[in-house]
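**Student:** Next comes entry07.csv, CSV, C-alpha atoms:
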chain,number,residue,atom,x,y,z
A,123,MET,CA,0.0,0.0,0.0
A,124,PRO,CA,1.5,3.4,-0.9
A,125,LEU,CA,2.2,5.9,1.8
A,126,TYR,CA,-0.1,8.9,1.8
A,127,ALA,CA,0.7,12.1,3.7
A,128,LYS,CA,-2.5,11.8,5.8
A,129,HIS,CA,-1.2,8.4,7.2
A,130,ALA,CA,2.0,9.9,8.6
A,131,ALA,CA,2.5,12.3,11.5
A,132,ALA,CA,5.0,14.6,9.7
A,133,ASP,CA,5.6,16.2,6.4
A,134,ILE,CA,6.7,13.7,3.7
A,135,ALA,CA,9.2,15.0,1.2
A,136,GLU,CA,7.8,15.3,-2.3
A,137,ILE,CA,4.6,13.6,-1.2
A,138,GLY,CA,2.6,16.0,1.0
A,139,THR,CA,2.4,18.3,4.0
A,140,PHE,CA,1.2,17.0,7.3
A,141,ASP,CA,-2.4,17.8,8.0
A,142,ARG,CA,-3.3,17.1,11.6
A,143,ASP,CA,-7.1,16.9,11.0
A,144,ALA,CA,-6.7,14.5,8.1
A,145,TYR,CA,-4.2,12.4,10.1
A,146,GLU,CA,-6.4,12.1,13.2
A,147,ASP,CA,-9.4,11.3,11.0
A,148,CYS,CA,-7.6,8.6,9.0
A,149,SER,CA,-8.5,5.0,10.1
A,150,LEU,CA,-4.9,4.0,9.2
A,151,ALA,CA,-3.3,6.5,11.5
A,152,ASN,CA,-2.1,5.5,14.9
A,153,PRO,CA,-5.3,4.1,16.6
A,154,ALA,CA,-6.5,6.2,19.6
A,155,SER,CA,-8.2,4.8,22.7
A,156,LEU,CA,-11.9,5.5,23.0
A,157,ASN,CA,-11.2,6.2,26.7
A,158,GLY,CA,-11.6,9.9,27.6
A,159,GLY,CA,-14.0,10.9,24.8
A,160,ASN,CA,-12.3,13.4,22.5
A,161,LYS,CA,-15.4,14.9,20.8
A,162,THR,CA,-13.7,17.4,18.6
A,163,ARG,CA,-14.3,16.1,15.1
A,164,ARG,CA,-16.2,18.4,12.8
A,165,PRO,CA,-19.1,17.2,10.7
A,166,GLY,CA,-17.9,16.5,7.2
A,167,THR,CA,-16.6,13.7,4.9
A,168,VAL,CA,-15.4,11.5,7.7
A,169,THR,CA,-18.6,11.7,9.8
A,170,ALA,CA,-20.6,11.1,6.6
A,171,GLY,CA,-18.5,8.0,5.9
A,172,ILE,CA,-19.0,6.6,9.3
A,173,CYS,CA,-22.8,7.1,9.1
A,174,GLU,CA,-22.8,5.6,5.6
A,175,MET,CA,-21.0,2.5,6.9
A,176,LEU,CA,-23.6,2.1,9.7
A,177,ILE,CA,-26.3,2.1,7.0
A,178,ASP,CA,-24.7,0.1,4.2
A,179,HIS,CA,-22.9,-2.5,6.4
A,180,ALA,CA,-25.2,-2.7,9.4
A,181,ASP,CA,-25.2,-6.5,9.1
A,182,ALA,CA,-21.4,-6.8,9.1
A,183,ILE,CA,-21.2,-4.5,12.1
A,184,HIS,CA,-23.9,-6.6,13.9
A,185,TYR,CA,-21.9,-9.8,13.1
A,186,MET,CA,-18.7,-8.3,14.6
A,187,ILE,CA,-20.5,-7.3,17.7
A,188,GLU,CA,-21.7,-10.9,18.1
A,189,ARG,CA,-18.2,-12.1,17.6
A,190,PHE,CA,-16.9,-9.8,20.3
A,191,LEU,CA,-19.6,-10.8,22.8
A,192,GLY,CA,-19.6,-14.5,21.8
A,193,ALA,CA,-23.4,-14.4,21.8
A,194,SER,CA,-26.2,-13.7,19.4
A,195,VAL,CA,-27.6,-10.2,19.4
A,196,SER,CA,-31.3,-9.6,19.0
A,197,ASP,CA,-32.7,-6.9,16.7
A,198,GLN,CA,-34.0,-5.1,19.8
A,199,LEU,CA,-30.5,-5.0,21.4
A,200,PHE,CA,-28.8,-3.9,18.2
A,201,ALA,CA,-31.4,-1.1,17.8
A,202,SER,CA,-30.6,0.0,21.4
A,203,ILE,CA,-26.9,0.0,20.7
A,204,LEU,CA,-27.4,2.1,17.5
A,205,GLU,CA,-29.6,4.5,19.4
A,206,LYS,CA,-27.1,5.1,22.1
A,207,PHE,CA,-24.3,5.8,19.5
A,208,HIS,CA,-26.6,8.3,17.7
A,209,LYS,CA,-27.7,10.1,20.8
A,210,GLN,CA,-24.1,10.6,21.9
A,211,GLU,CA,-23.1,11.7,18.3
A,212,GLY,CA,-20.4,9.0,18.4
A,213,TYR,CA,-19.3,9.9,14.9
A,214,LEU,CA,-17.9,13.1,16.2
A,215,TYR,CA,-15.4,11.4,18.5
A,216,ARG,CA,-11.8,11.3,17.2
A,217,GLY,CA,-11.3,7.8,18.5
A,218,VAL,CA,-14.1,6.4,16.3
A,219,SER,CA,-13.2,5.3,12.8
A,220,THR,CA,-14.6,3.1,10.1
A,221,SER,CA,-12.1,0.5,11.2
A,222,ASN,CA,-13.2,0.2,14.8
A,223,LEU,CA,-16.9,1.0,14.3
A,224,PRO,CA,-18.4,-2.2,15.8
A,225,TYR,CA,-16.3,-1.7,18.9
A,226,ALA,CA,-17.0,2.0,19.2
A,227,LEU,CA,-20.8,1.2,19.2
A,228,LEU,CA,-20.3,-1.3,22.0
A,229,TYR,CA,-18.1,1.1,24.0
A,230,MET,CA,-20.7,3.8,23.8
A,231,ALA,CA,-23.7,1.5,24.3
A,232,GLY,CA,-23.5,1.8,28.1
A,233,ASN,CA,-25.2,-0.7,30.3
A,234,GLN,CA,-27.4,-2.9,28.2
A,235,LEU,CA,-29.9,-5.7,28.9
A,236,ALA,CA,-28.7,-9.1,27.7
A,237,THR,CA,-32.3,-10.1,26.9
A,238,GLY,CA,-32.5,-12.1,23.7
A,239,CYS,CA,-28.9,-13.2,23.7
A,240,SER,CA,-27.8,-16.7,23.1
A,241,PRO,CA,-24.2,-17.3,24.2
A,242,LYS,CA,-21.8,-19.6,22.4
A,243,ALA,CA,-20.3,-22.5,24.4
A,244,GLY,CA,-17.1,-21.4,26.1
A,245,SER,CA,-17.8,-17.7,25.4
A,246,PRO,CA,-17.3,-15.0,28.1
A,247,PHE,CA,-21.1,-14.7,28.4
A,248,ALA,CA,-21.5,-18.5,28.9
A,249,ARG,CA,-18.8,-18.4,31.6
A,250,ALA,CA,-20.5,-15.5,33.3
A,251,LEU,CA,-23.7,-17.5,33.6
A,252,THR,CA,-22.0,-20.3,35.5
A,253,ALA,CA,-21.6,-17.8,38.3
A,254,SER,CA,-25.2,-16.5,38.1
A,255,THR,CA,-27.7,-17.0,40.9
A,256,HIS,CA,-30.7,-15.8,38.9
A,257,PHE,CA,-30.1,-16.9,35.2
A,258,GLU,CA,-29.4,-20.1,33.3
A,259,LEU,CA,-29.2,-21.4,29.8
A,260,THR,CA,-32.1,-23.2,28.2
A,261,ALA,CA,-31.6,-26.5,26.4
A,262,LYS,CA,-31.5,-24.5,23.1
A,263,GLY,CA,-28.9,-22.1,24.5
A,264,TRP,CA,-31.0,-19.0,25.3
A,265,ILE,CA,-30.5,-17.0,28.5
A,266,ARG,CA,-33.5,-17.5,30.8
A,267,ARG,CA,-34.3,-15.9,34.2
A,268,LYS,CA,-34.9,-18.6,36.9
A,269,ALA,CA,-38.4,-19.0,38.3
A,270,GLY,CA,-39.3,-16.6,41.0
A,271,SER,CA,-36.5,-14.1,40.1
A,272,ASN,CA,-37.0,-10.5,39.0
A,273,ALA,CA,-33.3,-10.0,38.4
A,274,GLN,CA,-31.8,-8.4,35.2
A,275,LEU,CA,-28.7,-9.5,33.3
A,276,ARG,CA,-26.7,-6.6,32.0
A,277,PHE,CA,-23.4,-6.0,30.3
A,278,PHE,CA,-21.2,-3.1,29.2
A,279,VAL,CA,-17.8,-2.6,27.6
A,280,THR,CA,-15.0,-0.4,29.0
A,281,ASP,CA,-11.2,0.1,29.2
A,282,HIS,CA,-10.2,0.3,25.5
A,283,VAL,CA,-6.5,-0.4,25.5
A,284,VAL,CA,-4.1,0.1,22.5
A,285,ARG,CA,-0.8,-1.7,22.8
A,286,LYS,CA,1.5,-0.3,20.1
A,287,SER,CA,4.6,-2.0,18.8
A,288,ALA,CA,6.8,-1.8,15.8
A,289,SER,CA,4.9,-4.5,13.9
A,290,THR,CA,1.3,-4.2,15.1
A,291,ASN,CA,-1.2,-2.5,17.3
A,292,GLU,CA,-3.1,-4.9,19.5
A,293,GLN,CA,-6.3,-3.6,21.0
A,294,THR,CA,-8.5,-4.9,23.7
A,295,MET,CA,-11.7,-3.9,25.5
A,296,MET,CA,-13.1,-5.1,28.8
A,297,LEU,CA,-16.4,-6.9,28.8
A,298,VAL,CA,-18.3,-6.7,32.1
A,299,VAL,CA,-21.4,-8.8,32.9
A,300,ASP,CA,-23.5,-8.1,36.0
A,301,GLU,CA,-26.7,-9.4,37.4
A,302,GLU,CA,-28.9,-6.9,39.2
A,303,ASN,CA,-31.5,-7.8,41.8
A,304,SER,CA,-33.4,-5.6,44.3
A,305,GLY,CA,-31.1,-2.7,43.8
A,306,GLN,CA,-28.0,-4.8,44.3
A,307,SER,CA,-25.4,-5.6,41.5
A,308,HIS,CA,-23.3,-8.7,41.5
A,309,ARG,CA,-20.4,-8.9,39.1
A,310,LEU,CA,-20.3,-12.1,37.1
A,311,LEU,CA,-17.5,-11.4,34.7
A,312,ARG,CA,-14.8,-8.9,33.9
A,313,GLU,CA,-12.7,-10.1,31.0
A,314,GLY,CA,-10.5,-8.5,28.3
A,315,VAL,CA,-11.5,-9.3,24.7
A,316,LYS,CA,-9.2,-8.7,21.7
A,317,LEU,CA,-10.5,-6.4,18.9
A,318,GLU,CA,-10.4,-8.0,15.4
A,319,ILE,CA,-9.7,-4.8,13.5
A,320,ASP,CA,-8.0,-6.5,10.5
A,321,PHE,CA,-10.7,-9.2,10.3
A,322,PHE,CA,-13.4,-6.5,10.1
A,323,ARG,CA,-11.5,-4.5,7.4
A,324,ASN,CA,-11.0,-7.7,5.4
A,325,LEU,CA,-14.7,-8.6,5.8
A,326,LEU,CA,-15.8,-5.3,4.5
A,327,GLY,CA,-13.3,-5.4,1.6
A,328,LYS,CA,-14.6,-8.8,0.5
A,329,ARG,CA,-18.2,-7.7,0.8
A,330,MET,CA,-17.6,-4.7,-1.4
A,331,ARG,CA,-15.6,-6.7,-4.0
A,332,LEU,CA,-18.4,-9.3,-4.3
A,333,ARG,CA,-21.1,-6.5,-4.4
A,334,GLU,CA,-19.1,-4.8,-7.3
A,335,MET,CA,-18.9,-8.1,-9.2
A,336,ALA,CA,-22.6,-8.6,-9.0
A,337,ARG,CA,-23.3,-5.0,-9.9
A,338,LYS,CA,-21.1,-5.2,-13.0
A,339,GLU,CA,-22.7,-8.5,-14.1
A,340,PHE,CA,-26.4,-7.5,-13.5
A,341,ALA,CA,-26.5,-3.7,-13.8
A,342,GLY,CA,-29.4,-2.8,-16.0
A,343,VAL,CA,-31.0,-6.3,-16.0
A,344,SER,CA,-33.9,-5.3,-13.7
A,345,ASN,CA,-34.9,-2.5,-16.0
A,346,GLY,CA,-35.4,-4.8,-18.9
A,347,ALA,CA,-36.7,-7.8,-17.0
A,348,ASP,CA,-40.4,-8.9,-17.3
Take the structure in the file and write it out as structure tokens.

**Tutor:**
Amino acid sequence: MPLYAKHAAADIAEIGTFDRDAYEDCSLANPASLNGGNKTRRPGTVTAGICEMLIDHADAIHYMIERFLGASVSDQLFASILEKFHKQEGYLYRGVSTSNLPYALLYMAGNQLATGCSPKAGSPFARALTASTHFELTAKGWIRRKAGSNAQLRFFVTDHVVRKSASTNEQTMMLVVDEENSGQSHRLLREGVKLEIDFFRNLLGKRMRLREMARKEFAGVSNGAD
């Protein structure tokens, strides 16, 4: 991949002049932690690109959220996550990019109900339930509140850590699962989960390539079809 000036943190001889705004808005620049909330991005091309990705690739983002949690995510839960991001104007935060969008949504989602989730065997969510007093898994793998309980099962994501090295930037976030009952909260799990940034970028790249193949092959067919 060629080096563009906006990807570097200094002027590049015979290529371009360093532009801090462009550098900070570039998803290939040094990744920034979502901790702290630097809400200084101005509405423009970058924010439009983030919103377009949310619309055009919502299913891929949903899939990556499920991979991070190790559990299925209901439409209701996904809608709640999107709503939280929208209300906080998440696209205006410098740490948010098209590369980390699924994780930015989770980070800004706050404390969410785990209603409608179905954890995969061995996932953090499944391990959390082994310590639960009020919840269990059904035979089909769905989370179920035990009889006679009014407790709620909730989760949130925090502590975005970027470990930079010469060869790669490893990123993790902390998944926290609590059960709440009668005003009391009991921690079931607090576990770091690795962010699959490259996997997400490759997934989007493949989806766009396949979409373009189909577009070239069938463009105009619908207009002439019976």

**Student:** Using all atoms listed in the file for the distances, tell me which of A:Phe340, A:Phe278, A:Phe257, A:Tyr213 is nearest to A:Ala231.

**Tutor:**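 Nearest to A:Ala231: A:Phe278.
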
**Student:** Identify which of the residues A:Ala261, A:Ser245, A:Arg329, A:Ser289 lies closest to A:Leu311, counting all atoms listed in the file when measuring atom-to-atom distances.

**Tutor:**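 Comparing A:Ala261, A:Ser245, A:Arg329, A:Ser289 against A:Leu311, the winner is A:Ser245.
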
**Student:** Name the residues in contact with A:Lys316 at a cut-off of 9 Å, using all atoms listed in the file, excluding same-chain residues fewer than 2 positions from it; report them as a list in words.

**Tutor:**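 The contact residues come out as Phe190, Glu292, Gln293, Thr294, Met295, Met296, Gly314 and Glu318 of chain A.
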
**Student:** Could you tell me how far atom CA of A:Lys206 sits from atom CA of A:Asn291, in Å to one decimal place?

**Tutor:**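 Atom CA of A:Lys206 lies at a distance of 27.4 Å from atom CA of A:Asn291.
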
**Student:** Give me, as a compact mmCIF listing (two decimals) with C-alpha atoms, in the frame of the given file, all polymer residues having an atom no more than 12 Å from A:Thr280, counting all atoms listed in the file and skipping those fewer than 2 positions away in the same chain.

**Tutor:**
# COMPACT_ATOMS: atom_id res chain seq x y z
CA SER A 155 -8.20 4.80 22.70
CA LEU A 156 -11.90 5.50 23.00
CA ASN A 157 -11.20 6.20 26.70
CA GLY A 158 -11.60 9.90 27.60
CA TYR A 225 -16.30 -1.70 18.90
CA ALA A 226 -17.00 2.00 19.20
CA LEU A 227 -20.80 1.20 19.20
CA LEU A 228 -20.30 -1.30 22.00
CA TYR A 229 -18.10 1.10 24.00
CA MET A 230 -20.70 3.80 23.80
CA ALA A 231 -23.70 1.50 24.30
CA GLY A 232 -23.50 1.80 28.10
CA ASN A 233 -25.20 -0.70 30.30
CA PHE A 277 -23.40 -6.00 30.30
CA PHE A 278 -21.20 -3.10 29.20
CA HIS A 282 -10.20 0.30 25.50
CA VAL A 283 -6.50 -0.40 25.50
CA THR A 294 -8.50 -4.90 23.70
CA MET A 295 -11.70 -3.90 25.50
CA MET A 296 -13.10 -5.10 28.80
CA LEU A 297 -16.40 -6.90 28.80
CA VAL A 298 -18.30 -6.70 32.10
CA VAL A 299 -21.40 -8.80 32.90
CA ARG A 312 -14.80 -8.90 33.90
CA GLU A 313 -12.70 -10.10 31.00
CA GLY A 314 -10.50 -8.50 28.30
CA VAL A 315 -11.50 -9.30 24.70

**Student:** Can you tell me which residues surround A:Gln274 at a distance of at most 7 Å, considering all atoms listed in the file, apart from same-chain residues fewer than 4 positions away, and format the answer as a list in words?

**Tutor:**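 In the requested format, the answer is Glu301, Glu302 and Asn303 of chain A.
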
**Student:** Any chance you could export the current selection's C-alpha atoms as a CSV table (one decimal), in the coordinates of the input?

**Tutor:**
chain,number,residue,atom,x,y,z
A,301,GLU,CA,-26.7,-9.4,37.4
A,302,GLU,CA,-28.9,-6.9,39.2
A,303,ASN,CA,-31.5,-7.8,41.8

**Student:** From the set A:Ala273, A:Leu326, A:Ala236, A:Ala182, which residue has the shortest atom-to-atom contact distance to A:Ser196, counting only C-alpha atoms?

**Tutor:**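 Closest to A:Ser196 of all the choices is A:Ala236.
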
**Student:** Considering all atoms listed in the file, state which residue in the set A:Cys173, A:Leu325, A:Met186, A:Val284 is at the smallest distance from A:Leu214.

**Tutor:** A:Cys173
